[in-house]
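Asks: Input structure: data02.pdb, which contains PDB, C-alpha atoms and all ligand atoms.
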```pdb
MODEL        1
ATOM      1  CA  MET A   1       0.000   0.000   0.000  1.00  0.00           C
ATOM      2  CA  SER A   2       1.366   3.367  -0.920  1.00  0.00           C
ATOM      3  CA  VAL A   3       0.452   6.600   0.727  1.00  0.00           C
ATOM      4  CA  ASN A   4      -0.717   9.212  -1.661  1.00  0.00           C
ATOM      5  CA  LYS A   5       1.248  12.203  -0.497  1.00  0.00           C
ATOM      6  CA  LYS A   6      -0.505  14.700  -2.666  1.00  0.00           C
ATOM      7  CA  ASN A   7      -3.814  13.678  -1.259  1.00  0.00           C
ATOM      8  CA  SER A   8      -2.835  13.902   2.361  1.00  0.00           C
ATOM      9  CA  LYS A   9      -1.364  17.325   1.757  1.00  0.00           C
ATOM     10  CA  ASN A  10      -4.615  18.560   0.329  1.00  0.00           C
ATOM     11  CA  LYS A  11      -6.467  17.367   3.343  1.00  0.00           C
ATOM     12  CA  ILE A  12      -5.641  20.342   5.493  1.00  0.00           C
ATOM     13  CA  ASP A  13      -6.845  20.487   9.032  1.00  0.00           C
ATOM     14  CA  SER A  14     -10.170  22.216   8.588  1.00  0.00           C
ATOM     15  CA  LYS A  15     -10.977  22.454  12.251  1.00  0.00           C
ATOM     16  CA  PRO A  16     -10.427  26.065  13.268  1.00  0.00           C
ATOM     17  CA  LYS A  17      -8.079  26.952  16.079  1.00  0.00           C
ATOM     18  CA  CYS A  18      -7.191  30.145  17.884  1.00  0.00           C
ATOM     19  CA  GLY A  19      -4.628  31.986  15.789  1.00  0.00           C
ATOM     20  CA  LEU A  20      -2.830  33.147  18.901  1.00  0.00           C
ATOM     21  CA  CYS A  21      -2.633  30.212  21.295  1.00  0.00           C
ATOM     22  CA  GLY A  22      -3.759  27.297  19.098  1.00  0.00           C
ATOM     23  CA  LYS A  23      -6.601  26.076  21.302  1.00  0.00           C
ATOM     24  CA  ARG A  24      -9.672  24.688  19.556  1.00  0.00           C
ATOM     25  CA  LYS A  25     -12.287  25.160  22.211  1.00  0.00           C
ATOM     26  CA  LYS A  26     -14.921  27.874  22.145  1.00  0.00           C
ATOM     27  CA  LEU A  27     -13.797  30.108  19.311  1.00  0.00           C
ATOM     28  CA  VAL A  28     -15.131  33.272  17.733  1.00  0.00           C
ATOM     29  CA  LYS A  29     -14.018  35.276  14.753  1.00  0.00           C
ATOM     30  CA  THR A  30     -12.524  38.651  15.548  1.00  0.00           C
ATOM     31  CA  ASP A  31     -14.521  41.700  14.491  1.00  0.00           C
ATOM     32  CA  CYS A  32     -11.430  43.434  13.225  1.00  0.00           C
ATOM     33  CA  CYS A  33      -9.779  40.861  10.982  1.00  0.00           C
ATOM     34  CA  GLY A  34     -12.013  37.769  10.925  1.00  0.00           C
ATOM     35  CA  ASN A  35      -9.473  35.400  12.446  1.00  0.00           C
ATOM     36  CA  TRP A  36     -10.401  32.584  14.799  1.00  0.00           C
ATOM     37  CA  ILE A  37      -9.669  33.417  18.392  1.00  0.00           C
ATOM     38  CA  CYS A  38     -10.604  32.076  21.834  1.00  0.00           C
ATOM     39  CA  ASP A  39     -13.966  33.348  22.962  1.00  0.00           C
ATOM     40  CA  ASP A  40     -12.579  33.987  26.397  1.00  0.00           C
ATOM     41  CA  GLU A  41     -13.313  37.552  27.418  1.00  0.00           C
ATOM     42  CA  ASP A  42     -15.372  36.221  30.299  1.00  0.00           C
ATOM     43  CA  LYS A  43     -12.152  34.856  31.761  1.00  0.00           C
ATOM     44  CA  TYR A  44     -10.913  38.355  32.271  1.00  0.00           C
ATOM     45  CA  ALA A  45     -11.619  39.786  35.714  1.00  0.00           C
ATOM     46  CA  LEU A  46     -12.312  43.480  35.689  1.00  0.00           C
ATOM     47  CA  PHE A  47      -9.352  45.662  36.764  1.00  0.00           C
ATOM     48  CA  SER A  48      -7.130  42.634  37.170  1.00  0.00           C
ATOM     49  CA  TYR A  49      -4.839  43.732  34.332  1.00  0.00           C
ATOM     50  CA  ALA A  50      -4.387  40.057  33.556  1.00  0.00           C
ATOM     51  CA  ARG A  51      -3.434  39.266  30.006  1.00  0.00           C
ATOM     52  CA  ASN A  52      -4.956  35.809  29.853  1.00  0.00           C
ATOM     53  CA  SER A  53      -7.682  36.474  27.319  1.00  0.00           C
ATOM     54  CA  CYS A  54      -6.677  36.026  23.672  1.00  0.00           C
ATOM     55  CA  SER A  55      -9.702  37.909  22.479  1.00  0.00           C
ATOM     56  CA  ARG A  56      -9.177  40.854  24.789  1.00  0.00           C
ATOM     57  CA  ASN A  57      -5.450  41.002  24.167  1.00  0.00           C
ATOM     58  CA  HIS A  58      -5.966  41.253  20.452  1.00  0.00           C
ATOM     59  CA  ARG A  59      -8.725  43.824  20.790  1.00  0.00           C
ATOM     60  CA  ARG A  60      -6.966  46.003  23.338  1.00  0.00           C
ATOM     61  CA  PHE A  61      -3.274  45.618  22.638  1.00  0.00           C
ATOM     62  CA  THR A  62      -2.866  45.521  18.870  1.00  0.00           C
ATOM     63  CA  LEU A  63      -3.060  48.069  16.094  1.00  0.00           C
ATOM     64  CA  CYS A  64      -5.534  45.784  14.351  1.00  0.00           C
ATOM     65  CA  GLY A  65      -7.909  46.086  17.312  1.00  0.00           C
ATOM     66  CA  HIS A  66      -7.268  49.788  17.749  1.00  0.00           C
ATOM     67  CA  HIS A  67      -7.767  50.459  14.045  1.00  0.00           C
ATOM     68  CA  ASN A  68     -11.103  48.662  14.129  1.00  0.00           C
ATOM     69  CA  ALA A  69     -12.309  50.278  17.353  1.00  0.00           C
ATOM     70  CA  GLU A  70     -11.494  53.731  15.982  1.00  0.00           C
ATOM     71  CA  GLU A  71     -13.235  52.853  12.712  1.00  0.00           C
ATOM     72  CA  HIS A  72     -10.281  53.721  10.515  1.00  0.00           C
ATOM     73  CA  LYS A  73     -10.384  52.733   6.874  1.00  0.00           C
ATOM     74  CA  GLY A  74      -8.147  50.361   4.934  1.00  0.00           C
ATOM     75  CA  ASP A  75      -5.350  48.166   6.208  1.00  0.00           C
ATOM     76  CA  TRP A  76      -4.000  48.917   9.665  1.00  0.00           C
ATOM     77  CA  LYS A  77      -0.471  48.195   8.516  1.00  0.00           C
ATOM     78  CA  ASN A  78      -0.302  51.343   6.442  1.00  0.00           C
ATOM     79  CA  CYS A  79      -2.859  53.403   8.322  1.00  0.00           C
ATOM     80  CA  GLN A  80      -1.691  56.962   8.829  1.00  0.00           C
ATOM     81  CA  GLU A  81      -4.365  57.574  11.436  1.00  0.00           C
ATOM     82  CA  CYS A  82      -3.071  54.764  13.637  1.00  0.00           C
ATOM     83  CA  LEU A  83       0.420  56.172  13.310  1.00  0.00           C
ATOM     84  CA  LYS A  84      -0.872  59.582  14.305  1.00  0.00           C
ATOM     85  CA  ASP A  85      -2.688  58.182  17.342  1.00  0.00           C
ATOM     86  CA  PHE A  86       0.617  56.862  18.662  1.00  0.00           C
ATOM     87  CA  GLU A  87       2.773  59.735  17.477  1.00  0.00           C
ATOM     88  CA  HIS A  88       3.751  60.738  20.998  1.00  0.00           C
ATOM     89  CA  GLU A  89       4.692  57.161  21.913  1.00  0.00           C
ATOM     90  CA  LEU A  90       5.988  55.447  18.801  1.00  0.00           C
ATOM     91  CA  GLU A  91       7.454  52.710  20.956  1.00  0.00           C
ATOM     92  CA  MET A  92       3.892  51.692  21.802  1.00  0.00           C
ATOM     93  CA  TYR A  93       2.944  51.770  18.130  1.00  0.00           C
ATOM     94  CA  VAL A  94       5.734  49.322  17.357  1.00  0.00           C
ATOM     95  CA  TRP A  95       4.766  47.118  20.293  1.00  0.00           C
ATOM     96  CA  TYR A  96       1.075  47.165  19.339  1.00  0.00           C
ATOM     97  CA  GLY A  97       2.047  46.144  15.829  1.00  0.00           C
ATOM     98  CA  THR A  98       4.542  43.395  16.687  1.00  0.00           C
ATOM     99  CA  ASN A  99       3.580  41.789  20.003  1.00  0.00           C
ATOM    100  CA  GLU A 100       2.399  38.194  20.347  1.00  0.00           C
ATOM    101  CA  TYR A 101      -1.263  39.210  20.265  1.00  0.00           C
ATOM    102  CA  ASN A 102      -1.045  39.812  16.514  1.00  0.00           C
ATOM    103  CA  PHE A 103      -1.964  37.324  13.794  1.00  0.00           C
ATOM    104  CA  THR A 104       0.286  39.117  11.355  1.00  0.00           C
ATOM    105  CA  LYS A 105       2.885  41.636  12.335  1.00  0.00           C
ATOM    106  CA  LEU A 106       3.946  45.031  11.169  1.00  0.00           C
ATOM    107  CA  GLU A 107       6.552  44.519   8.469  1.00  0.00           C
ATOM    108  CA  SER A 108       8.374  47.796   8.703  1.00  0.00           C
ATOM    109  CA  SER A 109       8.225  49.383  12.110  1.00  0.00           C
ATOM    110  CA  PRO A 110       9.252  53.007  12.452  1.00  0.00           C
ATOM    111  CA  ALA A 111      12.324  53.852  14.478  1.00  0.00           C
ATOM    112  CA  PHE A 112      11.514  55.415  17.818  1.00  0.00           C
ATOM    113  CA  GLU A 113      13.379  57.395  20.408  1.00  0.00           C
ATOM    114  CA  PRO A 114      13.694  55.471  23.644  1.00  0.00           C
ATOM    115  CA  THR A 115      12.155  57.032  26.726  1.00  0.00           C
ATOM    116  CA  TYR A 116      14.239  57.828  29.802  1.00  0.00           C
ATOM    117  CA  CYS A 117      13.314  58.767  33.347  1.00  0.00           C
ATOM    118  CA  SER A 118      13.604  62.537  33.606  1.00  0.00           C
ATOM    119  CA  LYS A 119      15.189  62.252  37.048  1.00  0.00           C
ATOM    120  CA  CYS A 120      17.581  59.289  37.111  1.00  0.00           C
ATOM    121  CA  GLY A 121      17.943  58.726  33.378  1.00  0.00           C
ATOM    122  CA  LYS A 122      16.990  55.057  33.488  1.00  0.00           C
ATOM    123  CA  ARG A 123      15.543  53.658  30.277  1.00  0.00           C
ATOM    124  CA  ILE A 124      11.788  53.230  30.511  1.00  0.00           C
ATOM    125  CA  VAL A 125      10.370  50.456  28.347  1.00  0.00           C
ATOM    126  CA  LEU A 126       6.876  51.761  27.722  1.00  0.00           C
ATOM    127  CA  PRO A 127       5.118  48.427  27.017  1.00  0.00           C
ATOM    128  CA  ASP A 128       6.476  47.028  30.280  1.00  0.00           C
ATOM    129  CA  GLY A 129       4.836  49.738  32.358  1.00  0.00           C
ATOM    130  CA  GLY A 130       6.212  50.716  35.772  1.00  0.00           C
ATOM    131  CA  TYR A 131       6.431  54.420  35.098  1.00  0.00           C
ATOM    132  CA  SER A 132       4.344  57.522  35.404  1.00  0.00           C
ATOM    133  CA  VAL A 133       3.937  60.360  32.982  1.00  0.00           C
ATOM    134  CA  LEU A 134       2.770  63.890  33.554  1.00  0.00           C
ATOM    135  CA  CYS A 135       2.710  66.480  30.787  1.00  0.00           C
ATOM    136  CA  ASP A 136       5.249  64.563  28.677  1.00  0.00           C
ATOM    137  CA  VAL A 137       7.586  64.132  31.663  1.00  0.00           C
ATOM    138  CA  TYR A 138       8.344  60.448  32.288  1.00  0.00           C
ATOM    139  CA  ARG A 139       9.449  59.010  35.587  1.00  0.00           C
ATOM    140  CA  CYS A 140      10.463  55.477  36.472  1.00  0.00           C
ATOM    141  CA  ASP A 141       8.672  54.005  39.470  1.00  0.00           C
ATOM    142  CA  GLN A 142      11.668  54.701  41.689  1.00  0.00           C
ATOM    143  CA  CYS A 143      11.458  58.421  41.092  1.00  0.00           C
ATOM    144  CA  GLU A 144       7.948  59.382  41.990  1.00  0.00           C
ATOM    145  CA  ILE A 145       6.891  62.913  41.174  1.00  0.00           C
ATOM    146  CA  THR A 146       6.592  64.922  44.381  1.00  0.00           C
ATOM    147  CA  GLU A 147       3.841  67.466  44.957  1.00  0.00           C
ATOM    148  CA  LYS A 148       6.310  70.302  44.437  1.00  0.00           C
ATOM    149  CA  GLU A 149       7.668  68.827  41.221  1.00  0.00           C
ATOM    150  CA  ARG A 150       4.166  68.227  39.995  1.00  0.00           C
ATOM    151  CA  GLU A 151       3.344  71.941  40.159  1.00  0.00           C
ATOM    152  CA  LYS A 152       6.524  72.868  38.357  1.00  0.00           C
ATOM    153  CA  ILE A 153       6.003  70.291  35.620  1.00  0.00           C
ATOM    154  CA  ILE A 154       2.497  71.558  34.972  1.00  0.00           C
ATOM    155  CA  ARG A 155       3.665  75.181  35.005  1.00  0.00           C
ATOM    156  CA  ASP A 156       6.483  74.463  32.538  1.00  0.00           C
ATOM    157  CA  TYR A 157       4.127  72.537  30.323  1.00  0.00           C
ATOM    158  CA  LYS A 158       1.592  75.348  30.192  1.00  0.00           C
ATOM    159  CA  ARG A 159       4.346  77.836  29.392  1.00  0.00           C
ATOM    160  CA  LYS A 160       5.566  75.608  26.560  1.00  0.00           C
ATOM    161  CA  LYS A 161       2.081  75.308  25.142  1.00  0.00           C
ATOM    162  CA  LYS A 162       1.550  79.054  24.896  1.00  0.00           C
TER
HETATM  163 ZN    ZN B 201      -6.434  31.611  22.181  1.00  0.00          ZN
HETATM  164 ZN    ZN B 202      -7.699  41.917  14.319  1.00  0.00          ZN
HETATM  165 ZN    ZN B 203      -5.869  52.845  11.808  1.00  0.00          ZN
HETATM  166 ZN    ZN B 204      14.083  57.305  37.688  1.00  0.00          ZN
ENDMDL
END
```
Please express what this file holds, its structure, as structure tokens.
Ligand SMILES: [Zn+2]
Ligand SMILES: [Zn+2]
Ligand SMILES: [Zn+2]
Ligand SMILES: [Zn+2]
Replies:
Amino acid sequence: MSVNKKNSKNKIDSKPKCGLCGKRKKLVKTDCCGNWICDDEDKYALFSYARNSCSRNHRRFTLCGHHNAEEHKGDWKNCQECLKDFEHELEMYVWYGTNEYNFTKLESSPAFEPTYCSKCGKRIVLPDGGYSVLCDVYRCDQCEITEKEREKIIRDYKRKKK
């Protein structure tokens, strides 16, 4: 008996699976791009900041999801509006477009200036969190903004805006 290779190749696995984690249970198609994904938003506990829901992660933490939620037109990968939305934090744009919650990733990500703590100079990786920002002034979580500094930052910012 010979195995017909051509035939077995044609018989692709037609059962859908989540494009992010590969599970086959309880799937839905995403609104934004029509890919199969776990129907698991109910797993997410409010304010827990957990990233255990495929569906939510794609919706909340990708350009594809953002693009759809903002009702932009065309392909998110060359959407100028998306780029504009993240203009002030290009690092987040790149992360949104290339993180593991994407089905397909941004092919050419723009170069971005890294962010540093305005007090100690430590690099702040925006997608990792652990920082605060006030009027474009970034601080790592070791250098909290004091009340006095807060007033000055706001004053400087208002002066700059004028
Ligand atoms: Zn999944
Ligand atoms: Zn999508
Ligand atoms: Zn867009
Ligand atoms: Zn710092």
Asks: Suppose you want the space between atom CA of A:Arg123 and atom CA of A:Asn78; what is it in Å?
Replies: 28.7 Å
Asks: List the neighbours of A:Arg60 out to 12 Å using all atoms listed in the file; skip same-chain residues closer than 5 positions along the sequence, and give me the result as an mmCIF file with C-alpha atoms, keeping the file's coordinate frame.
Replies:
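Result went into around26.cif, see below:
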```cif
data_model
loop_
_atom_site.group_PDB
_atom_site.id
_atom_site.type_symbol
_atom_site.label_atom_id
_atom_site.label_comp_id
_atom_site.auth_asym_id
_atom_site.auth_seq_id
_atom_site.Cartn_x
_atom_site.Cartn_y
_atom_site.Cartn_z
ATOM 1 C CA CYS A 32 -11.430 43.434 13.225
ATOM 2 C CA GLU A 41 -13.313 37.552 27.418
ATOM 3 C CA TYR A 49 -4.839 43.732 34.332
ATOM 4 C CA ARG A 51 -3.434 39.266 30.006
ATOM 5 C CA SER A 53 -7.682 36.474 27.319
ATOM 6 C CA CYS A 54 -6.677 36.026 23.672
ATOM 7 C CA SER A 55 -9.702 37.909 22.479
ATOM 8 C CA GLY A 65 -7.909 46.086 17.312
ATOM 9 C CA HIS A 66 -7.268 49.788 17.749
ATOM 10 C CA HIS A 67 -7.767 50.459 14.045
ATOM 11 C CA ASN A 68 -11.103 48.662 14.129
ATOM 12 C CA ALA A 69 -12.309 50.278 17.353
ATOM 13 C CA GLU A 70 -11.494 53.731 15.982
ATOM 14 C CA TYR A 96 1.075 47.165 19.339
ATOM 15 C CA GLY A 97 2.047 46.144 15.829
ATOM 16 C CA ASN A 99 3.580 41.789 20.003
ATOM 17 C CA TYR A 101 -1.263 39.210 20.265
ATOM 18 C CA ASN A 102 -1.045 39.812 16.514
#
```
Asks: Sorted by chain and rising residue number, which residues of chain A lie within 8 Å of ligand ZN 203 (chain B), and what are their closest atom pairs and distances in Å to one decimal, counting all atoms listed in the file, as a Markdown table?
Replies:
```
| residue | atom | partner | partner_atom | distance |
| --- | --- | --- | --- | --- |
| A:Leu63 | CA | B:ZN203 | ZN | 7.0 |
| A:Cys64 | CA | B:ZN203 | ZN | 7.5 |
| A:His66 | CA | B:ZN203 | ZN | 6.8 |
| A:His67 | CA | B:ZN203 | ZN | 3.8 |
| A:Asn68 | CA | B:ZN203 | ZN | 7.1 |
| A:Glu70 | CA | B:ZN203 | ZN | 7.1 |
| A:Glu71 | CA | B:ZN203 | ZN | 7.4 |
| A:His72 | CA | B:ZN203 | ZN | 4.7 |
| A:Lys73 | CA | B:ZN203 | ZN | 6.7 |
| A:Gly74 | CA | B:ZN203 | ZN | 7.7 |
| A:Asp75 | CA | B:ZN203 | ZN | 7.3 |
| A:Trp76 | CA | B:ZN203 | ZN | 4.8 |
| A:Lys77 | CA | B:ZN203 | ZN | 7.8 |
| A:Asn78 | CA | B:ZN203 | ZN | 7.9 |
| A:Cys79 | CA | B:ZN203 | ZN | 4.6 |
| A:Gln80 | CA | B:ZN203 | ZN | 6.6 |
| A:Glu81 | CA | B:ZN203 | ZN | 5.0 |
| A:Cys82 | CA | B:ZN203 | ZN | 3.9 |
| A:Leu83 | CA | B:ZN203 | ZN | 7.3 |
```
Asks: Could you jot down the atom CA of A:Leu20 to atom CA of A:Asn52 separation for me, Å, one decimal place?
Replies: 11.5 Å
Asks: So which residues get picked by the PyMOL selection byres (((not hetatm)) within 6 of (chain B and resi 204)) here, written as JSON, numbers by chain?
Replies: {"A": [117, 119, 120, 121, 122, 139, 140, 142, 143]}
Asks: Would you please work out which residue, of A:Phe86, A:Trp95, A:Tyr116, A:Phe103, is nearest to ligand ZN 202 (chain B) when using all atoms listed in the file?
Replies: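 Residue with the minimum atom-to-atom distance to ligand ZN 202 (chain B): A:Phe103.
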